[in-house]
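Structure data follow from query.cif (mmCIF, C-alpha atoms and all ligand atoms):
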data_entry
#
loop_
_atom_site.label_atom_id
_atom_site.label_comp_id
_atom_site.auth_asym_id
_atom_site.auth_seq_id
_atom_site.Cartn_x
_atom_site.Cartn_y
_atom_site.Cartn_z
CA MET A 337 -10.38 22.01 -27.79
CA ASP A 338 -7.31 20.40 -26.20
CA LEU A 339 -8.37 16.78 -26.41
CA ILE A 340 -11.21 14.73 -27.84
CA LEU A 341 -11.73 11.10 -26.85
CA LYS A 342 -13.76 9.56 -29.69
CA ASN A 343 -16.15 6.62 -29.25
CA VAL A 344 -15.21 5.82 -25.67
CA HIS A 345 -17.53 3.75 -23.48
CA ALA A 346 -17.91 6.18 -20.57
CA ALA A 347 -19.18 4.67 -17.31
CA ASP A 348 -19.81 6.62 -14.13
CA PRO A 349 -22.12 5.07 -11.51
CA GLN A 350 -22.46 8.50 -9.85
CA THR A 351 -24.19 10.09 -12.83
CA GLY A 352 -25.66 6.98 -14.44
CA LEU A 353 -23.56 7.57 -17.55
CA ASP A 354 -23.02 4.26 -19.38
CA CYS A 355 -22.74 4.58 -23.14
CA VAL A 356 -20.38 5.00 -26.08
CA THR A 357 -19.79 8.70 -26.65
CA ASP A 358 -17.15 11.38 -27.23
CA ILE A 359 -15.56 13.42 -24.44
CA ALA A 360 -14.06 16.84 -25.16
CA VAL A 361 -11.51 18.39 -22.80
CA LYS A 362 -10.38 22.00 -22.55
CA ASP A 363 -8.26 23.71 -19.87
CA GLY A 364 -8.34 20.59 -17.73
CA LYS A 365 -12.11 20.28 -17.74
CA ILE A 366 -14.64 18.07 -19.47
CA VAL A 367 -16.51 20.57 -21.64
CA LYS A 368 -18.70 18.25 -23.67
CA ILE A 369 -20.03 14.71 -23.57
CA GLY A 370 -21.70 13.71 -26.85
CA ASP A 371 -20.77 14.10 -30.52
CA CYS A 372 -17.67 16.33 -30.39
CA GLY A 373 -16.55 16.26 -34.03
CA GLY A 374 -12.83 15.84 -34.61
CA SER A 375 -11.23 19.21 -34.24
CA ALA A 376 -8.78 19.39 -31.31
CA GLU A 377 -5.08 19.54 -30.56
CA ARG A 378 -5.23 15.79 -30.01
CA VAL A 379 -7.94 13.36 -31.02
CA ILE A 380 -7.80 9.79 -29.73
CA ASP A 381 -9.88 6.99 -31.19
CA CYS A 382 -11.07 5.10 -28.13
CA THR A 383 -13.14 2.47 -29.92
CA GLY A 384 -13.35 -0.59 -27.66
CA LEU A 385 -12.05 1.30 -24.61
CA TYR A 386 -13.83 2.20 -21.38
CA ALA A 387 -13.45 5.45 -19.42
CA VAL A 388 -14.20 5.53 -15.70
CA PRO A 389 -13.37 8.23 -13.12
CA GLY A 390 -9.63 8.05 -12.31
CA LEU A 391 -8.92 5.25 -9.83
CA PHE A 392 -8.06 6.13 -6.22
CA ASP A 393 -5.85 3.79 -4.20
CA MET A 394 -6.23 4.72 -0.55
CA HIS A 395 -3.55 2.36 0.75
CA VAL A 396 -0.02 2.58 -0.67
CA HIS A 397 3.52 2.69 0.75
CA PHE A 398 5.91 4.87 -1.27
CA ARG A 399 8.83 4.48 1.21
CA ASP A 400 9.73 8.16 0.89
CA PRO A 401 11.40 9.66 2.94
CA GLY A 402 14.06 7.27 4.10
CA LEU A 403 13.63 3.95 2.31
CA THR A 404 13.90 5.18 -1.25
CA TYR A 405 15.95 2.19 -2.40
CA LYS A 406 12.58 0.37 -2.34
CA GLU A 407 10.46 3.12 -3.93
CA ASP A 408 10.17 6.89 -3.96
CA ILE A 409 7.28 9.24 -4.55
CA PHE A 410 8.11 9.61 -8.26
CA THR A 411 8.49 5.89 -9.03
CA GLY A 412 5.45 5.10 -6.92
CA ALA A 413 3.46 7.68 -8.86
CA ALA A 414 4.75 6.22 -12.14
CA ALA A 415 3.41 2.82 -11.08
CA ALA A 416 0.09 4.43 -10.15
CA LYS A 417 -0.26 6.13 -13.54
CA ALA A 418 0.51 2.87 -15.36
CA GLY A 419 -2.34 1.29 -13.40
CA GLY A 420 -4.94 3.96 -14.19
CA VAL A 421 -4.66 5.47 -10.71
CA THR A 422 -4.95 9.28 -10.44
CA GLY A 423 -5.06 9.58 -6.64
CA VAL A 424 -3.23 7.83 -3.82
CA LEU A 425 -3.16 7.96 -0.03
CA LEU A 426 0.29 7.20 1.37
CA MET A 427 0.76 5.26 4.58
CA PRO A 428 2.97 6.97 7.19
CA ASN A 429 5.53 4.23 7.95
CA SER A 430 8.37 5.97 6.11
CA LYS A 431 11.66 6.80 7.82
CA PRO A 432 11.14 8.98 9.72
CA ALA A 433 7.50 8.05 10.12
CA CYS A 434 5.11 10.75 8.95
CA ASP A 435 4.08 12.28 12.27
CA THR A 436 5.06 15.96 11.95
CA PRO A 437 3.96 18.84 9.68
CA LYS A 438 7.55 18.95 8.35
CA THR A 439 7.43 15.39 6.98
CA VAL A 440 3.91 15.95 5.68
CA LYS A 441 5.14 19.02 3.79
CA TYR A 442 8.08 17.11 2.29
CA ILE A 443 5.73 14.39 1.00
CA LEU A 444 3.02 16.72 -0.31
CA ASP A 445 5.53 19.05 -2.03
CA LYS A 446 7.16 16.11 -3.82
CA GLY A 447 3.76 14.59 -4.57
CA ALA A 448 2.64 17.84 -6.19
CA GLN A 449 5.30 17.33 -8.88
CA THR A 450 3.99 13.93 -10.00
CA GLY A 451 1.01 15.01 -12.13
CA ILE A 452 -1.41 12.94 -10.02
CA ASN A 453 -3.03 13.60 -6.64
CA VAL A 454 -0.75 12.43 -3.85
CA TYR A 455 -2.13 12.62 -0.32
CA THR A 456 -0.57 11.30 2.83
CA SER A 457 -1.92 9.93 6.06
CA ALA A 458 -0.06 10.55 9.32
CA CYS A 459 0.56 8.41 12.38
CA ILE A 460 -1.94 7.87 15.18
CA THR A 461 0.87 7.59 17.75
CA GLU A 462 4.21 9.39 17.72
CA GLY A 463 6.69 7.48 15.56
CA MET A 464 4.14 4.62 15.43
CA SER A 465 5.51 3.77 18.85
CA GLY A 466 2.15 3.03 20.39
CA GLY A 467 3.04 5.75 22.89
CA GLY A 468 1.60 9.28 22.89
CA LEU A 469 -0.94 10.53 20.37
CA CYS A 470 0.32 12.86 17.61
CA ASP A 471 -0.65 16.53 17.41
CA TYR A 472 -3.66 16.08 15.10
CA GLU A 473 -4.49 19.79 14.86
CA ALA A 474 -0.98 20.57 13.57
CA LEU A 475 -1.15 17.64 11.14
CA LYS A 476 -4.57 18.70 9.94
CA ASN A 477 -3.30 22.21 9.25
CA ALA A 478 -0.47 20.64 7.23
CA GLY A 479 -3.00 18.88 4.95
CA VAL A 480 -3.63 15.52 6.64
CA PHE A 481 -7.17 14.10 6.78
CA ALA A 482 -6.48 10.46 7.72
CA ILE A 483 -4.44 8.84 10.50
CA THR A 484 -3.14 5.30 10.93
CA ASP A 485 -0.19 3.36 12.35
CA ASP A 486 -0.46 0.99 9.35
CA GLY A 487 2.15 -1.71 9.37
CA ARG A 488 1.26 -2.07 13.04
CA PRO A 489 -1.87 -2.05 15.18
CA VAL A 490 -2.34 0.48 17.99
CA GLU A 491 -1.87 -2.12 20.69
CA ASN A 492 -3.32 -0.04 23.53
CA ALA A 493 -7.11 -0.07 23.02
CA GLU A 494 -7.58 2.99 25.22
CA LEU A 495 -5.23 5.03 22.99
CA MET A 496 -7.20 3.89 19.94
CA ARG A 497 -10.41 4.93 21.69
CA GLN A 498 -8.95 8.38 22.37
CA ALA A 499 -7.87 8.79 18.72
CA LEU A 500 -11.38 7.78 17.59
CA GLU A 501 -12.99 10.15 20.07
CA LEU A 502 -10.85 13.04 18.79
CA SER A 503 -11.69 12.10 15.18
CA VAL A 504 -15.36 12.89 15.84
CA THR A 505 -14.46 16.54 16.32
CA ASN A 506 -11.33 16.93 14.15
CA GLY A 507 -12.91 15.19 11.16
CA MET A 508 -9.95 12.88 10.50
CA THR A 509 -10.59 9.36 9.23
CA VAL A 510 -8.96 6.66 11.39
CA LEU A 511 -7.62 3.67 9.45
CA SER A 512 -6.74 0.48 11.31
CA HIS A 513 -4.28 -2.28 10.50
CA CYS A 514 -5.99 -5.07 12.43
CA GLU A 515 -3.43 -7.47 13.79
CA ASP A 516 -2.85 -8.59 17.36
CA LEU A 517 0.91 -9.04 17.58
CA LYS A 518 0.78 -11.33 20.60
CA ILE A 519 -1.45 -13.76 18.71
CA ILE A 520 0.73 -13.43 15.59
CA ASN A 521 3.72 -14.39 17.73
CA GLY A 522 6.23 -14.37 14.88
CA GLY A 523 4.01 -16.14 12.33
CA ILE A 524 4.85 -15.51 8.67
CA ILE A 525 1.99 -17.08 6.63
CA ASN A 526 -1.63 -18.05 7.31
CA LYS A 527 -1.92 -20.56 10.15
CA GLY A 528 -3.35 -23.75 8.74
CA GLU A 529 -2.55 -26.78 6.62
CA VAL A 530 0.04 -24.99 4.53
CA SER A 531 1.99 -23.55 7.48
CA LYS A 532 1.91 -26.99 9.06
CA ALA A 533 3.15 -28.69 5.88
CA LEU A 534 5.96 -26.15 5.51
CA GLY A 535 6.86 -26.31 9.18
CA VAL A 536 6.68 -22.52 9.63
CA LYS A 537 4.91 -20.43 12.25
CA GLY A 538 1.38 -19.44 11.24
CA MET A 539 -0.56 -16.18 11.53
CA ASP A 540 -3.82 -17.09 13.24
CA ARG A 541 -6.86 -15.42 11.65
CA ALA A 542 -8.00 -14.65 15.22
CA SER A 543 -5.26 -12.01 15.25
CA GLU A 544 -7.17 -10.06 12.58
CA ASP A 545 -10.72 -10.89 13.70
CA TYR A 546 -10.05 -9.87 17.29
CA ILE A 547 -8.80 -6.37 16.44
CA THR A 548 -11.53 -5.86 13.81
CA ALA A 549 -14.09 -6.61 16.53
CA ARG A 550 -12.27 -4.30 18.97
CA GLU A 551 -12.19 -1.40 16.48
CA THR A 552 -15.87 -1.68 15.56
CA ALA A 553 -16.78 -1.79 19.27
CA LEU A 554 -14.64 1.29 19.99
CA ALA A 555 -16.04 3.19 17.00
CA ALA A 556 -19.58 2.33 18.08
CA SER A 557 -18.94 3.53 21.62
CA CYS A 558 -17.51 6.88 20.42
CA GLY A 559 -19.91 7.38 17.52
CA ALA A 560 -16.81 7.61 15.33
CA HIS A 561 -15.97 6.37 11.83
CA ILE A 562 -13.45 3.54 11.62
CA HIS A 563 -11.96 2.23 8.38
CA ILE A 564 -10.61 -1.32 8.50
CA CYS A 565 -7.56 -1.88 6.29
CA HIS A 566 -6.91 -4.91 4.05
CA VAL A 567 -9.64 -7.33 5.20
CA SER A 568 -8.51 -10.92 4.58
CA THR A 569 -10.63 -13.26 6.73
CA TYR A 570 -14.22 -14.48 6.60
CA GLY A 571 -14.39 -13.66 10.32
CA SER A 572 -13.57 -9.98 9.75
CA VAL A 573 -16.09 -9.85 6.91
CA ASN A 574 -18.81 -11.22 9.20
CA ILE A 575 -17.93 -8.79 12.00
CA ILE A 576 -18.02 -5.80 9.63
CA ARG A 577 -21.25 -6.94 7.96
CA ALA A 578 -22.95 -7.26 11.34
CA ALA A 579 -21.59 -3.90 12.54
CA LYS A 580 -22.84 -2.17 9.40
CA ARG A 581 -26.25 -3.73 9.92
CA ASP A 582 -26.22 -2.33 13.46
CA GLY A 583 -25.54 1.15 12.10
CA VAL A 584 -21.87 1.36 13.15
CA ASN A 585 -19.94 3.80 10.94
CA VAL A 586 -17.44 1.25 9.67
CA THR A 587 -15.95 1.03 6.18
CA CYS A 588 -13.29 -1.31 4.87
CA GLU A 589 -11.06 -2.33 2.00
CA THR A 590 -9.41 -5.41 0.55
CA ALA A 591 -6.71 -6.06 -2.06
CA PRO A 592 -6.88 -8.10 -5.29
CA HIS A 593 -4.59 -10.84 -3.96
CA TYR A 594 -7.11 -11.67 -1.23
CA PHE A 595 -9.90 -12.42 -3.71
CA THR A 596 -7.62 -14.03 -6.28
CA TYR A 597 -5.27 -16.37 -4.42
CA THR A 598 -5.07 -18.62 -1.37
CA ASP A 599 -2.19 -19.71 0.85
CA GLU A 600 -1.55 -22.67 -1.46
CA LYS A 601 0.72 -20.22 -3.32
CA LEU A 602 3.09 -20.51 -0.35
CA TYR A 603 3.97 -24.11 -1.19
CA SER A 604 6.48 -22.44 -3.51
CA ARG A 605 8.35 -21.09 -0.45
CA ASP A 606 8.60 -17.79 -2.33
CA ALA A 607 8.51 -14.66 -0.16
CA ASP A 608 6.84 -12.70 -2.98
CA TYR A 609 3.63 -14.40 -1.79
CA ARG A 610 4.11 -13.16 1.77
CA MET A 611 2.28 -10.09 3.05
CA SER A 612 0.42 -9.01 6.18
CA PRO A 613 -2.32 -10.04 6.54
CA PRO A 614 -1.40 -13.20 4.63
CA LEU A 615 -3.11 -15.06 1.79
CA ARG A 616 -5.71 -17.22 3.51
CA THR A 617 -7.89 -20.20 2.51
CA GLU A 618 -10.57 -20.69 -0.15
CA LYS A 619 -13.27 -20.06 2.49
CA ASP A 620 -11.74 -16.63 3.18
CA ARG A 621 -11.18 -15.85 -0.50
CA ALA A 622 -14.80 -16.65 -1.34
CA ALA A 623 -16.05 -14.57 1.62
CA ILE A 624 -13.98 -11.56 0.47
CA GLU A 625 -15.40 -11.86 -3.05
CA GLU A 626 -18.96 -12.11 -1.74
CA ALA A 627 -18.41 -9.11 0.56
CA LEU A 628 -17.15 -6.99 -2.34
CA LEU A 629 -20.27 -7.81 -4.32
CA ASP A 630 -22.80 -7.27 -1.50
CA GLY A 631 -21.30 -3.93 -0.39
CA THR A 632 -19.78 -5.07 2.90
CA ILE A 633 -16.33 -4.23 1.53
CA ASP A 634 -16.28 -0.66 0.21
CA CYS A 635 -12.95 -0.36 -1.58
CA ILE A 636 -10.30 -2.21 -3.50
CA ILE A 637 -6.80 -1.04 -2.61
CA THR A 638 -3.36 -2.52 -3.27
CA ASP A 639 -1.39 -2.09 -0.02
CA HIS A 640 1.42 -1.45 -2.56
CA ALA A 641 4.44 -2.36 -0.41
CA PRO A 642 7.71 -2.39 -2.34
CA HIS A 643 10.73 -4.33 -1.06
CA ALA A 644 14.11 -4.88 -2.74
CA ALA A 645 14.85 -8.27 -4.32
CA GLU A 646 17.62 -8.96 -1.76
CA GLU A 647 15.14 -8.42 1.06
CA LYS A 648 12.65 -10.82 -0.48
CA ALA A 649 15.25 -13.51 -1.25
CA ASP A 650 14.94 -15.38 2.06
CA PHE A 651 11.50 -16.98 2.47
CA LEU A 652 11.65 -17.01 6.27
CA LYS A 653 13.27 -13.65 6.95
CA ALA A 654 11.80 -11.47 4.18
CA PRO A 655 9.66 -8.48 5.17
CA ASN A 656 5.90 -8.67 4.45
CA GLY A 657 4.40 -6.89 1.46
CA VAL A 658 3.82 -6.91 -2.29
CA VAL A 659 3.59 -4.22 -4.98
CA GLY A 660 0.23 -3.88 -6.70
CA LEU A 661 -0.52 -0.56 -8.37
CA GLU A 662 0.10 -1.79 -11.92
CA THR A 663 -1.90 -5.01 -11.59
CA SER A 664 -4.85 -3.97 -9.44
CA LEU A 665 -7.28 -2.99 -12.22
CA ALA A 666 -6.22 -5.93 -14.39
CA ALA A 667 -6.64 -8.46 -11.59
CA THR A 668 -10.03 -7.00 -10.65
CA LEU A 669 -11.29 -6.96 -14.24
CA THR A 670 -10.09 -10.53 -14.76
CA LYS A 671 -11.55 -11.95 -11.56
CA LEU A 672 -14.75 -9.95 -11.13
CA TYR A 673 -15.74 -8.58 -14.56
CA HIS A 674 -14.60 -11.40 -16.84
CA GLY A 675 -15.52 -13.84 -14.08
CA GLY A 676 -19.11 -12.67 -14.59
CA LYS A 677 -19.45 -11.40 -11.01
CA CYS A 678 -20.13 -7.71 -11.70
CA GLY A 679 -20.16 -4.95 -14.29
CA ILE A 680 -17.77 -2.07 -14.95
CA GLY A 681 -19.91 0.34 -12.89
CA LYS A 682 -19.41 -1.74 -9.73
CA ILE A 683 -15.65 -1.83 -10.33
CA ALA A 684 -15.64 1.96 -10.69
CA GLU A 685 -17.45 2.18 -7.36
CA LEU A 686 -14.92 -0.05 -5.60
CA MET A 687 -11.79 1.49 -7.13
CA SER A 688 -12.72 5.11 -7.74
CA VAL A 689 -15.92 6.38 -6.13
CA ASN A 690 -15.92 4.74 -2.69
CA PRO A 691 -12.30 5.43 -1.65
CA ARG A 692 -12.86 9.17 -2.15
CA ARG A 693 -16.20 8.97 -0.32
CA VAL A 694 -14.67 7.07 2.63
CA LEU A 695 -11.96 9.73 2.96
CA GLY A 696 -14.36 12.66 2.53
CA LEU A 697 -12.65 13.87 -0.66
CA PRO A 698 -14.67 15.62 -3.37
CA PRO A 699 -16.05 13.13 -5.92
CA VAL A 700 -14.48 12.80 -9.36
CA LYS A 701 -17.24 12.54 -11.96
CA ILE A 702 -17.54 12.20 -15.70
CA GLU A 703 -19.79 15.14 -16.46
CA GLU A 704 -19.63 18.43 -18.31
CA GLY A 705 -17.89 21.08 -16.22
CA ALA A 706 -16.01 18.56 -14.07
CA GLU A 707 -12.24 18.40 -13.85
CA CYS A 708 -11.10 15.69 -16.27
CA GLU A 709 -9.66 12.77 -14.30
CA LEU A 710 -10.03 9.48 -16.14
CA CYS A 711 -8.82 5.92 -16.25
CA ILE A 712 -9.18 4.66 -19.81
CA PHE A 713 -8.73 0.93 -20.22
CA ASP A 714 -9.07 -1.88 -22.69
CA PRO A 715 -11.18 -4.55 -20.98
CA GLU A 716 -10.15 -7.18 -23.55
CA ALA A 717 -6.36 -6.63 -23.66
CA GLU A 718 -4.55 -9.82 -22.67
CA TRP A 719 -1.14 -9.47 -21.09
CA THR A 720 1.23 -11.37 -18.87
CA VAL A 721 2.79 -9.77 -15.80
CA GLU A 722 6.57 -9.47 -16.26
CA PRO A 723 8.00 -8.03 -13.01
CA GLU A 724 11.02 -6.45 -14.71
CA LYS A 725 8.67 -4.30 -16.81
CA LEU A 726 6.94 -2.72 -13.81
CA HIS A 727 7.51 0.99 -13.23
CA SER A 728 7.86 0.47 -9.51
CA LYS A 729 11.45 0.32 -8.20
CA SER A 730 10.64 -3.01 -6.58
CA LYS A 731 9.36 -6.06 -8.42
CA ASN A 732 7.83 -8.08 -5.57
CA THR A 733 4.52 -8.80 -7.26
CA VAL A 734 2.30 -11.67 -6.22
CA PHE A 735 0.98 -11.74 -9.82
CA LYS A 736 4.26 -12.52 -11.62
CA GLY A 737 3.65 -14.70 -14.67
CA GLU A 738 -0.14 -14.30 -14.37
CA THR A 739 -2.07 -13.60 -17.57
CA PHE A 740 -4.75 -10.95 -17.16
CA LYS A 741 -7.52 -9.65 -19.37
CA GLY A 742 -7.86 -5.87 -19.12
CA ARG A 743 -5.33 -3.07 -18.81
CA ALA A 744 -5.10 0.71 -18.39
CA VAL A 745 -4.25 2.40 -21.70
CA TYR A 746 -4.47 6.12 -20.89
CA THR A 747 -4.47 7.84 -17.53
CA ILE A 748 -5.67 11.43 -17.49
CA CYS A 749 -5.34 13.80 -14.53
CA ARG A 750 -6.38 17.48 -14.57
CA GLY A 751 -7.02 17.11 -18.30
CA LYS A 752 -3.44 15.98 -19.04
CA ILE A 753 -2.50 12.56 -20.33
CA VAL A 754 -0.08 11.41 -17.62
CA PHE A 755 0.19 7.87 -18.98
CA ASP A 756 -0.08 6.60 -22.56
CA ARG A 757 0.51 2.86 -22.95
CA LYS A 758 1.79 3.12 -26.55
CA GLU A 759 4.28 5.87 -25.74
CA ASP A 760 5.33 4.02 -22.63
CA GLU A 761 6.05 0.83 -24.55
CA ASN A 762 8.19 2.74 -27.05
CA VAL A 763 10.26 4.26 -24.25
CA THR A 764 10.70 1.18 -22.09
ZN ZN A 801 -1.37 -2.87 7.07
ZN ZN A 802 -0.17 -1.20 4.40
#
Output the file's structure in the form of structure tokens.
Amino acid sequence: MDLILKNVHAADPQTGLDCVTDIAVKDGKIVKIGDCGGSAERVIDCTGLYAVPGLFDMHVHFRDPGLTYKEDIFTGAAAAKAGGVTGVLLMPNSKPACDTPKTVKYILDKGAQTGINVYTSACITEGMSGGGLCDYEALKNAGVFAITDDGRPVENAELMRQALELSVTNGMTVLSHCEDLKIINGGIINKGEVSKALGVKGMDRASEDYITARETALAASCGAHIHICHVSTYGSVNIIRAAKRDGVNVTCETAPHYFTYTDEKLYSRDADYRMSPPLRTEKDRAAIEEALLDGTIDCIITDHAPHAAEEKADFLKAPNGVVGLETSLAATLTKLYHGGKCGIGKIAELMSVNPRRVLGLPPVKIEEGAECELCIFDPEAEWTVEPEKLHSKSKNTVFKGETFKGRAVYTICRGKIVFDRKEDENVT
């Protein structure tokens, strides 16, 4: 045996597994669940720890190629591993944007060296220009299964309709960043009391709601699947809930900051609290939380968006975005599990099972014979977020100084321990 995890609380909503047991691993596979004795190359006492299928973050920006002073595929993957994440889907707004098989190959080849599963989406329109559609067949042959112009909306609704129509036959998942730029009109934080008090231009929630409604209408008319990125408003939640009830094939995601914080954080005039869409109001925050619990929102993602400290220094001019891979599980455990809102199984659904299902990837399960891909965490570990200790190249976290309860301890991918908290703390 290569590895035995002793006395781990294994939880997998897909198989119904939810008990303290041992897990034995050999040649990358789970070979036994049950009493495994203690004879293996490595035996880890996991008393008090949970194991869930490795987390999958289907919305990250690794800035590679082209903007690697912010992040690269290796540092992004290091952040993922430290957060219990074994699979990521990269957004295509690198430099150049990922819209050709050549760029896809560069990303996937580099990703293959990280020890975790790195996938990339590609653009809907060439260079995210909003102009012509990309060559989806060529991109598909290069290994792409999802397309998006994330960072921007596809402003021309007819082009979006065409991409959705093609997705019905080419099997690609279309992901939409819902933001009407004319309504946004240069706004930098949520439009409301806080933007008024600060005297800065606001981002009207109608900007998000309007495009969410447009995308669900287009998907319904084509019989296509649409995935709505980073839902932040109660309006979007209501539109998606109604569309799902009507049988529209719509799925969606949100990020921990949207169910943890509100725009009151912006009173600090600190650009580390600025992202797109922005932190909203308590009414929105509560609606996002409710939608996670009732199944309207399918996935928790991070929208991990690294920016250099110099870029984030000016509150008004800083680019939007926050890092999140190393705090996502902790924030979710703290807010939802310790907040008494849901159990570990539901969190595994939101962070591990559903993202793979939405993207049509094979499920990762905790069962005998399955490839061993696990996030092992201590649900009771208390820790405070110190940005300088993050593995990401950029430190623009919205959770700086926050104390969380719960943290990834071991991350295992293809049977190999790719992150070990104790070892990591000795090195860094
Ligand atoms: Zn986006
Ligand atoms: Zn994004």
message: Using only C-alpha atoms and all ligand atoms, which residues have at least one atom no more than 12 Å from ligand ZN 801 (chain A)? Output them as a ChimeraX atom specification.
response: /A:394-397,426-429,484-490,511-516,544,563-568,589-591,611-614,637-641,656-658
task: Pick out the residues sitting within 8 Å of stretch 572-580 of chain A, and hand them over as a PyMOL selection string; count only C-alpha atoms, and ignore anything fewer than 4 positions along from it in its own chain.
output: chain A and resi 544-545+548-549+552+567-568+584-587+623-624+627+632-633
Among the residues A:Ile520, A:Lys619, A:Val659, A:Ile680, the one that comes closest to ligand ZN 802 (chain A) [using all atoms listed in the file]: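 Going through A:Ile520, A:Lys619, A:Val659, A:Ile680 one by one, the smallest distance to ligand ZN 802 (chain A) is for A:Val659.
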task: Quick one: everything within 9 Å of A:Glu738, counting all atoms listed in the file, minus sequence neighbours fewer than 3 positions away in the same chain. Send it as number ranges by chain.
output: A: 719-722, 734-735
- prompt: Hey, what's within 6 Å of stretch 647-652 of chain A if we count all atoms listed in the file and toss same-chain stuff fewer than 2 positions away? As an MDAnalysis selection string, please?
  reply: chainID A and resid 605:607 644:645 654
task: Have a look at A:Lys446, A:Lys758, A:Ser457, A:His345 and name the one nearest to ligand ZN 802 (chain A); count all atoms listed in the file.
output: A:Ser457
- request: Could you check how far atom CA of A:Asn526 sits from atom CA of A:Glu618, in Å to one decimal?
  value: 11.9 Å
Selection: 12 Å around A:Tyr386, all atoms listed in the file, excl. self and same-chain fewer than 4 positions, as a VMD selection string: chain A and resid 341 to 348 353 to 359 381 to 382 390 420 669 679 to 681 683 to 684 710 to 717 742 to 747
Atoms to include: C-alpha atoms. Write the selected residues as a PDB file, keeping the file's coordinate frame.
ATOM      1  CA  LEU A 341     -11.730  11.100 -26.850  1.00  0.00           C
ATOM      2  CA  LYS A 342     -13.760   9.560 -29.690  1.00  0.00           C
ATOM      3  CA  ASN A 343     -16.150   6.620 -29.250  1.00  0.00           C
ATOM      4  CA  VAL A 344     -15.210   5.820 -25.670  1.00  0.00           C
ATOM      5  CA  HIS A 345     -17.530   3.750 -23.480  1.00  0.00           C
ATOM      6  CA  ALA A 346     -17.910   6.180 -20.570  1.00  0.00           C
ATOM      7  CA  ALA A 347     -19.180   4.670 -17.310  1.00  0.00           C
ATOM      8  CA  ASP A 348     -19.810   6.620 -14.130  1.00  0.00           C
ATOM      9  CA  LEU A 353     -23.560   7.570 -17.550  1.00  0.00           C
ATOM     10  CA  ASP A 354     -23.020   4.260 -19.380  1.00  0.00           C
ATOM     11  CA  CYS A 355     -22.740   4.580 -23.140  1.00  0.00           C
ATOM     12  CA  VAL A 356     -20.380   5.000 -26.080  1.00  0.00           C
ATOM     13  CA  THR A 357     -19.790   8.700 -26.650  1.00  0.00           C
ATOM     14  CA  ASP A 358     -17.150  11.380 -27.230  1.00  0.00           C
ATOM     15  CA  ILE A 359     -15.560  13.420 -24.440  1.00  0.00           C
ATOM     16  CA  ASP A 381      -9.880   6.990 -31.190  1.00  0.00           C
ATOM     17  CA  CYS A 382     -11.070   5.100 -28.130  1.00  0.00           C
ATOM     18  CA  GLY A 390      -9.630   8.050 -12.310  1.00  0.00           C
ATOM     19  CA  GLY A 420      -4.940   3.960 -14.190  1.00  0.00           C
ATOM     20  CA  LEU A 669     -11.290  -6.960 -14.240  1.00  0.00           C
ATOM     21  CA  GLY A 679     -20.160  -4.950 -14.290  1.00  0.00           C
ATOM     22  CA  ILE A 680     -17.770  -2.070 -14.950  1.00  0.00           C
ATOM     23  CA  GLY A 681     -19.910   0.340 -12.890  1.00  0.00           C
ATOM     24  CA  ILE A 683     -15.650  -1.830 -10.330  1.00  0.00           C
ATOM     25  CA  ALA A 684     -15.640   1.960 -10.690  1.00  0.00           C
ATOM     26  CA  LEU A 710     -10.030   9.480 -16.140  1.00  0.00           C
ATOM     27  CA  CYS A 711      -8.820   5.920 -16.250  1.00  0.00           C
ATOM     28  CA  ILE A 712      -9.180   4.660 -19.810  1.00  0.00           C
ATOM     29  CA  PHE A 713      -8.730   0.930 -20.220  1.00  0.00           C
ATOM     30  CA  ASP A 714      -9.070  -1.880 -22.690  1.00  0.00           C
ATOM     31  CA  PRO A 715     -11.180  -4.550 -20.980  1.00  0.00           C
ATOM     32  CA  GLU A 716     -10.150  -7.180 -23.550  1.00  0.00           C
ATOM     33  CA  ALA A 717      -6.360  -6.630 -23.660  1.00  0.00           C
ATOM     34  CA  GLY A 742      -7.860  -5.870 -19.120  1.00  0.00           C
ATOM     35  CA  ARG A 743      -5.330  -3.070 -18.810  1.00  0.00           C
ATOM     36  CA  ALA A 744      -5.100   0.710 -18.390  1.00  0.00           C
ATOM     37  CA  VAL A 745      -4.250   2.400 -21.700  1.00  0.00           C
ATOM     38  CA  TYR A 746      -4.470   6.120 -20.890  1.00  0.00           C
ATOM     39  CA  THR A 747      -4.470   7.840 -17.530  1.00  0.00           C
TER      40      THR A 747
END
Do you know which residues lie at most 7 Å from (-5.1, -2.9, -6.0), with coordinates as in the file and only C-alpha atoms counted, and could you write them as a PDB file with C-alpha atoms, in the coordinates of the input?
ATOM      1  CA  ASP A 393      -5.850   3.790  -4.200  1.00  0.00           C
ATOM      2  CA  ALA A 591      -6.710  -6.060  -2.060  1.00  0.00           C
ATOM      3  CA  PRO A 592      -6.880  -8.100  -5.290  1.00  0.00           C
ATOM      4  CA  ILE A 636     -10.300  -2.210  -3.500  1.00  0.00           C
ATOM      5  CA  ILE A 637      -6.800  -1.040  -2.610  1.00  0.00           C
ATOM      6  CA  THR A 638      -3.360  -2.520  -3.270  1.00  0.00           C
ATOM      7  CA  GLY A 660       0.230  -3.880  -6.700  1.00  0.00           C
ATOM      8  CA  LEU A 661      -0.520  -0.560  -8.370  1.00  0.00           C
ATOM      9  CA  THR A 663      -1.900  -5.010 -11.590  1.00  0.00           C
ATOM     10  CA  SER A 664      -4.850  -3.970  -9.440  1.00  0.00           C
ATOM     11  CA  LEU A 665      -7.280  -2.990 -12.220  1.00  0.00           C
TER      12      LEU A 665
END
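Residue nearest A:Phe755 within the list A:Gly676, A:Gly631, A:Pro723, A:Gly419: A:Gly419 [criterion: smallest interatomic distance, all atoms listed in the file].
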